[in-house]
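Have a look at final-v6.tsv; it's TSV, N, CA and C atoms:
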chain	number	residue	atom	x	y	z
E	1	MET	N	-13.38	-2.95	-12.11
E	1	MET	CA	-13.63	-2.79	-10.69
E	1	MET	C	-13.01	-1.49	-10.20
E	2	THR	N	-13.72	-0.74	-9.42
E	2	THR	CA	-13.24	0.52	-8.87
E	2	THR	C	-12.51	0.26	-7.56
E	3	THR	N	-11.31	0.84	-7.45
E	3	THR	CA	-10.49	0.64	-6.27
E	3	THR	C	-10.01	1.98	-5.74
E	4	LYS	N	-10.11	2.16	-4.44
E	4	LYS	CA	-9.58	3.36	-3.79
E	4	LYS	C	-8.08	3.17	-3.57
E	5	VAL	N	-7.31	4.23	-3.81
E	5	VAL	CA	-5.86	4.18	-3.63
E	5	VAL	C	-5.47	5.20	-2.56
E	6	ASN	N	-4.71	4.77	-1.57
E	6	ASN	CA	-4.18	5.64	-0.54
E	6	ASN	C	-2.71	5.92	-0.87
E	7	LEU	N	-2.44	7.14	-1.31
E	7	LEU	CA	-1.09	7.47	-1.76
E	7	LEU	C	-0.06	7.40	-0.63
E	8	ALA	N	-0.42	7.83	0.57
E	8	ALA	CA	0.51	7.76	1.70
E	8	ALA	C	0.89	6.31	2.00
E	9	GLU	N	-0.09	5.42	1.94
E	9	GLU	CA	0.19	4.00	2.18
E	9	GLU	C	1.12	3.45	1.11
E	10	LYS	N	0.87	3.79	-0.13
E	10	LYS	CA	1.72	3.31	-1.23
E	10	LYS	C	3.15	3.82	-1.05
E	11	LEU	N	3.30	5.09	-0.70
E	11	LEU	CA	4.63	5.68	-0.51
E	11	LEU	C	5.36	5.07	0.68
E	12	SER	N	4.63	4.58	1.67
E	12	SER	CA	5.25	3.97	2.86
E	12	SER	C	5.86	2.60	2.55
E	13	ARG	N	5.55	2.05	1.39
E	13	ARG	CA	5.99	0.69	1.06
E	13	ARG	C	7.38	0.63	0.43
E	14	PHE	N	8.02	1.77	0.21
E	14	PHE	CA	9.37	1.74	-0.36
E	14	PHE	C	10.17	2.95	0.12
E	15	ASP	N	11.50	2.83	0.05
E	15	ASP	CA	12.40	3.89	0.50
E	15	ASP	C	13.27	4.46	-0.61
E	16	GLU	N	13.51	3.70	-1.67
E	16	GLU	CA	14.44	4.16	-2.70
E	16	GLU	C	13.94	5.42	-3.39
E	17	THR	N	14.89	6.22	-3.84
E	17	THR	CA	14.55	7.44	-4.55
E	17	THR	C	14.75	7.25	-6.05
E	18	TRP	N	14.04	8.06	-6.81
E	18	TRP	CA	14.13	8.10	-8.27
E	18	TRP	C	13.66	6.82	-8.94
E	19	VAL	N	12.84	6.01	-8.24
E	19	VAL	CA	12.31	4.76	-8.80
E	19	VAL	C	10.78	4.83	-8.74
E	20	PRO	N	10.14	5.31	-9.81
E	20	PRO	CA	8.67	5.45	-9.80
E	20	PRO	C	7.97	4.10	-9.67
E	21	LYS	N	6.83	4.13	-9.00
E	21	LYS	CA	5.98	2.95	-8.83
E	21	LYS	C	4.60	3.26	-9.39
E	22	ILE	N	4.04	2.36	-10.14
E	22	ILE	CA	2.72	2.54	-10.73
E	22	ILE	C	1.65	2.26	-9.67
E	23	VAL	N	0.74	3.23	-9.49
E	23	VAL	CA	-0.35	3.04	-8.53
E	23	VAL	C	-1.72	3.13	-9.20
E	24	GLY	N	-1.76	3.42	-10.49
E	24	GLY	CA	-3.02	3.49	-11.21
E	24	GLY	C	-2.77	3.62	-12.70
E	25	GLU	N	-3.81	3.33	-13.47
E	25	GLU	CA	-3.71	3.41	-14.93
E	25	GLU	C	-5.06	3.81	-15.49
E	26	LEU	N	-5.05	4.75	-16.43
E	26	LEU	CA	-6.28	5.14	-17.10
E	26	LEU	C	-5.97	5.74	-18.46
E	27	ASN	N	-6.75	5.35	-19.44
E	27	ASN	CA	-6.65	5.91	-20.78
E	27	ASN	C	-5.22	5.95	-21.32
E	28	GLY	N	-4.48	4.88	-21.11
E	28	GLY	CA	-3.11	4.82	-21.62
E	28	GLY	C	-2.12	5.64	-20.82
E	29	GLN	N	-2.52	6.11	-19.65
E	29	GLN	CA	-1.66	6.91	-18.77
E	29	GLN	C	-1.39	6.14	-17.48
E	30	TYR	N	-0.21	6.33	-16.93
E	30	TYR	CA	0.10	5.79	-15.61
E	30	TYR	C	0.04	6.90	-14.58
E	31	VAL	N	-0.47	6.55	-13.41
E	31	VAL	CA	-0.36	7.37	-12.22
E	31	VAL	C	0.74	6.70	-11.39
E	32	LYS	N	1.78	7.48	-11.06
E	32	LYS	CA	2.94	6.91	-10.36
E	32	LYS	C	3.24	7.73	-9.12
E	33	VAL	N	3.84	7.08	-8.13
E	33	VAL	CA	4.40	7.78	-6.99
E	33	VAL	C	5.90	7.53	-7.00
E	34	VAL	N	6.64	8.51	-6.51
E	34	VAL	CA	8.10	8.42	-6.50
E	34	VAL	C	8.63	9.31	-5.39
E	35	LYS	N	9.78	8.95	-4.88
E	35	LYS	CA	10.47	9.78	-3.89
E	35	LYS	C	11.69	10.39	-4.58
E	36	PHE	N	11.83	11.70	-4.43
E	36	PHE	CA	12.95	12.42	-5.00
E	36	PHE	C	13.83	12.93	-3.88
E	37	GLU	N	15.14	12.89	-4.10
E	37	GLU	CA	16.09	13.55	-3.20
E	37	GLU	C	17.36	13.79	-3.98
E	38	GLY	N	17.80	15.04	-4.00
E	38	GLY	CA	18.97	15.42	-4.77
E	38	GLY	C	18.58	15.84	-6.17
E	39	ALA	N	19.55	15.80	-7.06
E	39	ALA	CA	19.33	16.23	-8.45
E	39	ALA	C	19.26	15.02	-9.36
E	40	TYR	N	18.36	15.06	-10.29
E	40	TYR	CA	18.18	14.01	-11.29
E	40	TYR	C	19.02	14.36	-12.52
E	41	VAL	N	18.90	13.58	-13.54
E	41	VAL	CA	19.64	13.79	-14.78
E	41	VAL	C	18.84	14.72	-15.70
E	42	TRP	N	19.55	15.59	-16.43
E	42	TRP	CA	18.91	16.39	-17.47
E	42	TRP	C	18.40	15.44	-18.54
E	43	HIS	N	17.14	15.63	-18.97
E	43	HIS	CA	16.57	14.75	-19.98
E	43	HIS	C	15.35	15.40	-20.62
E	44	ARG	N	14.84	14.77	-21.66
E	44	ARG	CA	13.61	15.21	-22.30
E	44	ARG	C	12.89	13.98	-22.85
E	45	HIS	N	11.62	14.14	-23.07
E	45	HIS	CA	10.79	13.08	-23.64
E	45	HIS	C	10.28	13.57	-24.98
E	46	GLU	N	10.60	12.84	-26.02
E	46	GLU	CA	10.25	13.27	-27.38
E	46	GLU	C	8.75	13.40	-27.60
E	47	HIS	N	7.96	12.47	-27.03
E	47	HIS	CA	6.54	12.40	-27.37
E	47	HIS	C	5.59	12.51	-26.17
E	48	GLU	N	6.11	12.50	-24.95
E	48	GLU	CA	5.25	12.45	-23.78
E	48	GLU	C	5.35	13.72	-22.93
E	49	ASP	N	4.20	14.27	-22.55
E	49	ASP	CA	4.15	15.31	-21.53
E	49	ASP	C	4.19	14.61	-20.17
E	50	GLU	N	4.68	15.32	-19.15
E	50	GLU	CA	4.72	14.77	-17.80
E	50	GLU	C	4.13	15.76	-16.81
E	51	MET	N	3.40	15.24	-15.83
E	51	MET	CA	2.92	16.08	-14.74
E	51	MET	C	3.62	15.65	-13.45
E	52	PHE	N	4.17	16.62	-12.73
E	52	PHE	CA	4.81	16.42	-11.43
E	52	PHE	C	3.98	17.15	-10.39
E	53	MET	N	3.46	16.44	-9.39
E	53	MET	CA	2.70	17.07	-8.30
E	53	MET	C	3.34	16.69	-6.97
E	54	VAL	N	3.66	17.69	-6.16
E	54	VAL	CA	4.30	17.45	-4.87
E	54	VAL	C	3.23	17.07	-3.84
E	55	LEU	N	3.43	15.91	-3.22
E	55	LEU	CA	2.54	15.43	-2.16
E	55	LEU	C	3.09	15.79	-0.79
E	56	GLU	N	4.39	15.72	-0.63
E	56	GLU	CA	5.09	16.08	0.62
E	56	GLU	C	6.43	16.67	0.26
E	57	GLY	N	6.86	17.67	1.02
E	57	GLY	CA	8.16	18.29	0.78
E	57	GLY	C	8.07	19.38	-0.27
E	58	ARG	N	9.19	19.57	-0.95
E	58	ARG	CA	9.26	20.57	-2.02
E	58	ARG	C	10.30	20.12	-3.03
E	59	MET	N	10.18	20.66	-4.21
E	59	MET	CA	11.11	20.33	-5.28
E	59	MET	C	11.10	21.46	-6.29
E	60	ARG	N	11.95	21.33	-7.28
E	60	ARG	CA	11.92	22.27	-8.38
E	60	ARG	C	12.16	21.51	-9.67
E	61	ILE	N	11.64	22.07	-10.73
E	61	ILE	CA	11.93	21.57	-12.07
E	61	ILE	C	12.80	22.63	-12.73
E	62	GLU	N	14.00	22.23	-13.08
E	62	GLU	CA	14.91	23.15	-13.74
E	62	GLU	C	14.79	22.97	-15.25
E	63	PHE	N	14.71	24.09	-15.93
E	63	PHE	CA	14.76	24.13	-17.38
E	63	PHE	C	16.02	24.91	-17.73
E	64	ARG	N	16.44	24.87	-18.96
E	64	ARG	CA	17.65	25.58	-19.35
E	64	ARG	C	17.52	27.09	-19.19
E	65	ASP	N	16.29	27.62	-19.23
E	65	ASP	CA	16.09	29.07	-19.16
E	65	ASP	C	15.27	29.54	-17.97
E	66	GLU	N	14.81	28.63	-17.10
E	66	GLU	CA	14.05	29.03	-15.92
E	66	GLU	C	13.97	27.86	-14.95
E	67	THR	N	13.53	28.16	-13.73
E	67	THR	CA	13.32	27.15	-12.70
E	67	THR	C	11.94	27.37	-12.09
E	68	ILE	N	11.20	26.29	-11.91
E	68	ILE	CA	9.88	26.36	-11.27
E	68	ILE	C	9.95	25.63	-9.94
E	69	GLU	N	9.65	26.38	-8.87
E	69	GLU	CA	9.63	25.83	-7.51
E	69	GLU	C	8.24	25.27	-7.22
E	70	LEU	N	8.20	24.09	-6.61
E	70	LEU	CA	6.92	23.46	-6.27
E	70	LEU	C	6.90	23.08	-4.79
E	71	SER	N	5.80	23.37	-4.15
E	71	SER	CA	5.56	22.98	-2.76
E	71	SER	C	4.38	22.01	-2.73
E	72	LYS	N	4.10	21.49	-1.54
E	72	LYS	CA	3.01	20.53	-1.35
E	72	LYS	C	1.72	21.07	-1.97
E	73	GLY	N	1.08	20.22	-2.79
E	73	GLY	CA	-0.19	20.57	-3.41
E	73	GLY	C	-0.05	21.30	-4.74
E	74	GLU	N	1.18	21.53	-5.19
E	74	GLU	CA	1.39	22.23	-6.47
E	74	GLU	C	1.90	21.25	-7.52
E	75	PHE	N	1.57	21.56	-8.78
E	75	PHE	CA	2.07	20.72	-9.87
E	75	PHE	C	2.46	21.57	-11.06
E	76	VAL	N	3.25	20.93	-11.93
E	76	VAL	CA	3.64	21.53	-13.19
E	76	VAL	C	3.58	20.44	-14.26
E	77	ILE	N	3.22	20.86	-15.46
E	77	ILE	CA	3.23	19.94	-16.60
E	77	ILE	C	4.40	20.34	-17.50
E	78	VAL	N	5.27	19.37	-17.75
E	78	VAL	CA	6.42	19.59	-18.63
E	78	VAL	C	6.03	19.08	-20.01
E	79	PRO	N	5.99	19.97	-21.00
E	79	PRO	CA	5.62	19.55	-22.35
E	79	PRO	C	6.68	18.63	-22.98
E	80	HIS	N	6.24	17.75	-23.85
E	80	HIS	CA	7.18	16.87	-24.53
E	80	HIS	C	8.20	17.70	-25.30
E	81	GLY	N	9.41	17.15	-25.39
E	81	GLY	CA	10.49	17.81	-26.12
E	81	GLY	C	11.25	18.85	-25.34
E	82	VAL	N	10.81	19.18	-24.12
E	82	VAL	CA	11.45	20.22	-23.31
E	82	VAL	C	12.44	19.57	-22.34
E	83	GLU	N	13.71	19.95	-22.44
E	83	GLU	CA	14.72	19.42	-21.53
E	83	GLU	C	14.49	19.96	-20.13
E	84	HIS	N	14.59	19.08	-19.14
E	84	HIS	CA	14.32	19.45	-17.76
E	84	HIS	C	15.08	18.55	-16.81
E	85	ARG	N	15.13	19.00	-15.54
E	85	ARG	CA	15.79	18.22	-14.49
E	85	ARG	C	15.06	18.45	-13.18
E	86	PRO	N	14.45	17.39	-12.61
E	86	PRO	CA	13.86	17.51	-11.27
E	86	PRO	C	14.97	17.57	-10.22
E	87	VAL	N	14.76	18.41	-9.22
E	87	VAL	CA	15.71	18.54	-8.10
E	87	VAL	C	14.90	18.67	-6.82
E	88	ALA	N	15.28	17.90	-5.81
E	88	ALA	CA	14.65	18.00	-4.49
E	88	ALA	C	15.75	18.17	-3.45
E	89	PRO	N	15.85	19.35	-2.82
E	89	PRO	CA	16.91	19.58	-1.85
E	89	PRO	C	16.82	18.64	-0.64
E	90	GLU	N	15.60	18.23	-0.31
E	90	GLU	CA	15.33	17.25	0.74
E	90	GLU	C	14.33	16.25	0.19
E	91	LEU	N	14.11	15.19	0.91
E	91	LEU	CA	13.19	14.15	0.44
E	91	LEU	C	11.82	14.74	0.11
E	92	ALA	N	11.33	14.43	-1.08
E	92	ALA	CA	10.01	14.87	-1.52
E	92	ALA	C	9.24	13.66	-2.05
E	93	HIS	N	7.94	13.64	-1.78
E	93	HIS	CA	7.05	12.61	-2.32
E	93	HIS	C	6.29	13.25	-3.46
E	94	VAL	N	6.30	12.59	-4.62
E	94	VAL	CA	5.78	13.20	-5.84
E	94	VAL	C	4.84	12.23	-6.55
E	95	LEU	N	3.77	12.79	-7.10
E	95	LEU	CA	2.84	12.06	-7.95
E	95	LEU	C	3.18	12.41	-9.39
E	96	LEU	N	3.32	11.40	-10.23
E	96	LEU	CA	3.57	11.60	-11.65
E	96	LEU	C	2.36	11.12	-12.44
E	97	PHE	N	2.05	11.82	-13.49
E	97	PHE	CA	0.99	11.40	-14.41
E	97	PHE	C	1.56	11.56	-15.80
E	98	GLU	N	1.67	10.43	-16.51
E	98	GLU	CA	2.31	10.45	-17.82
E	98	GLU	C	1.89	9.23	-18.63
E	99	PRO	N	2.07	9.28	-19.95
E	99	PRO	CA	1.72	8.12	-20.78
E	99	PRO	C	2.45	6.86	-20.31
E	100	ALA	N	1.80	5.74	-20.46
E	100	ALA	CA	2.35	4.46	-20.01
E	100	ALA	C	3.67	4.12	-20.69
E	101	THR	N	3.92	4.68	-21.85
E	101	THR	CA	5.15	4.38	-22.60
E	101	THR	C	6.35	5.21	-22.15
E	102	THR	N	6.16	6.11	-21.19
E	102	THR	CA	7.22	7.04	-20.81
E	102	THR	C	8.39	6.33	-20.13
E	103	ARG	N	9.56	6.51	-20.70
E	103	ARG	CA	10.82	6.03	-20.12
E	103	ARG	C	11.31	7.12	-19.18
E	104	ASN	N	11.64	6.78	-17.95
E	104	ASN	CA	11.88	7.81	-16.93
E	104	ASN	C	13.01	8.78	-17.25
E	105	THR	N	14.00	8.38	-18.02
E	105	THR	CA	15.08	9.30	-18.39
E	105	THR	C	14.96	9.75	-19.84
E	106	GLY	N	13.80	9.55	-20.43
E	106	GLY	CA	13.57	10.02	-21.79
E	106	GLY	C	14.59	9.50	-22.78
E	107	THR	N	15.23	10.42	-23.48
E	107	THR	CA	16.19	10.06	-24.53
E	107	THR	C	17.59	9.79	-24.00
E	108	VAL	N	17.78	9.93	-22.68
E	108	VAL	CA	19.10	9.79	-22.06
E	108	VAL	C	19.24	8.40	-21.44
E	109	ASN	N	20.38	7.78	-21.63
E	109	ASN	CA	20.70	6.54	-20.92
E	109	ASN	C	21.50	6.92	-19.68
E	110	HIS	N	21.08	6.40	-18.52
E	110	HIS	CA	21.67	6.80	-17.26
E	110	HIS	C	21.50	5.66	-16.27
E	111	ASP	N	22.23	5.73	-15.16
E	111	ASP	CA	22.09	4.72	-14.10
E	111	ASP	C	20.66	4.65	-13.57
E	112	HIS	N	19.92	5.75	-13.64
E	112	HIS	CA	18.54	5.79	-13.15
E	112	HIS	C	17.53	5.28	-14.17
E	113	THR	N	17.95	4.97	-15.38
E	113	THR	CA	17.00	4.58	-16.43
E	113	THR	C	16.25	3.31	-16.06
E	114	ILE	N	14.92	3.39	-16.19
E	114	ILE	CA	14.04	2.23	-16.03
E	114	ILE	C	13.09	2.25	-17.22
E	115	GLU	N	13.07	1.18	-17.96
E	115	GLU	CA	12.14	1.09	-19.09
E	115	GLU	C	10.71	1.01	-18.57
E	116	ALA	N	9.79	1.56	-19.30
E	116	ALA	CA	8.39	1.63	-18.86
E	116	ALA	C	7.84	0.25	-18.51
E	117	GLU	N	8.19	-0.76	-19.27
E	117	GLU	CA	7.66	-2.11	-19.02
E	117	GLU	C	8.28	-2.76	-17.78
E	118	ASP	N	9.33	-2.17	-17.21
E	118	ASP	CA	9.98	-2.73	-16.03
E	118	ASP	C	9.56	-2.06	-14.73
E	119	LEU	N	8.64	-1.12	-14.78
E	119	LEU	CA	8.19	-0.43	-13.57
E	119	LEU	C	7.39	-1.37	-12.68
E	120	GLU	N	7.56	-1.21	-11.40
E	120	GLU	CA	6.83	-2.01	-10.42
E	120	GLU	C	5.45	-1.40	-10.17
E	121	ARG	N	4.47	-2.28	-10.00
E	121	ARG	CA	3.11	-1.87	-9.63
E	121	ARG	C	2.93	-2.13	-8.14
E	122	LEU	N	2.39	-1.14	-7.46
E	122	LEU	CA	2.08	-1.31	-6.03
E	122	LEU	C	0.59	-1.51	-5.84

Take the structure from the file and write it as structure tokens.
Amino acid sequence: MTTKVNLAEKLSRFDETWVPKIVGELNGQYVKVVKFEGAYVWHRHEHEDEMFMVLEGRMRIEFRDETIELSKGEFVIVPHGVEHRPVAPELAHVLLFEPATTRNTGTVNHDHTIEAEDLERL
């Protein structure tokens, strides 16, 4: 069954930051929404690429050798194996697209860690 998804409505249903919510699934990939504020943990994903797209606000993806600034409507794909850290100086609404098996903190154990099977669906 085909279903229309309103991202603004989905984002209005929660306030916590750094807790992705599944809003769609296709071809073994999850489409997630998340709110970022502050700095996340440095981490990498051994086997999964990640796409970060800013829906509202701004953020940056820090790498050990460069930083990419993102504004509303912009995205970046972080290749698997590349250490990175998302940072949002103010509240940002972000769309994530990544394999369904992706653990949010990759190879790092942290207070923010959520196993892929424990993610909430909206």

One-decimal distance in Å that lies between atom N of E:Pro20 and atom N of E:Trp42: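 We find that atom N of E:Trp42 and atom N of E:Pro20 lie 15.4 Å from each other.
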
Shortest interatomic distance to E:Thr107 - which of E:Glu37, E:Glu48, E:Glu74, E:Glu69, counting only C-alpha atoms: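 For E:Thr107, the nearest of the candidates is E:Glu48.
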
Selected residue, from E:Thr113, E:Thr2, E:Gln29, E:Ser12, that lies nearest to E:Pro99 when counting only N, CA and C atoms: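 Selected residue with least distance to E:Pro99: E:Gln29.
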
Shortest interatomic distance to E:Asn27 - which of E:Phe52, E:Phe97, E:Glu62, E:Asn104, counting only C-alpha atoms: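 Under the stated criterion, the closest residue is E:Phe97.
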
DSSP strand (DSSP E or B) selection over stretch 1-109 of chain E, as a ChimeraX atom specification: /E:21-26,29-39,43,50-56,58-63,67-71,75-78,84-99

Separation of atom C of E:Val34 from atom CA of E:Gly81, in Å and rounded to one decimal: 22.5 Å
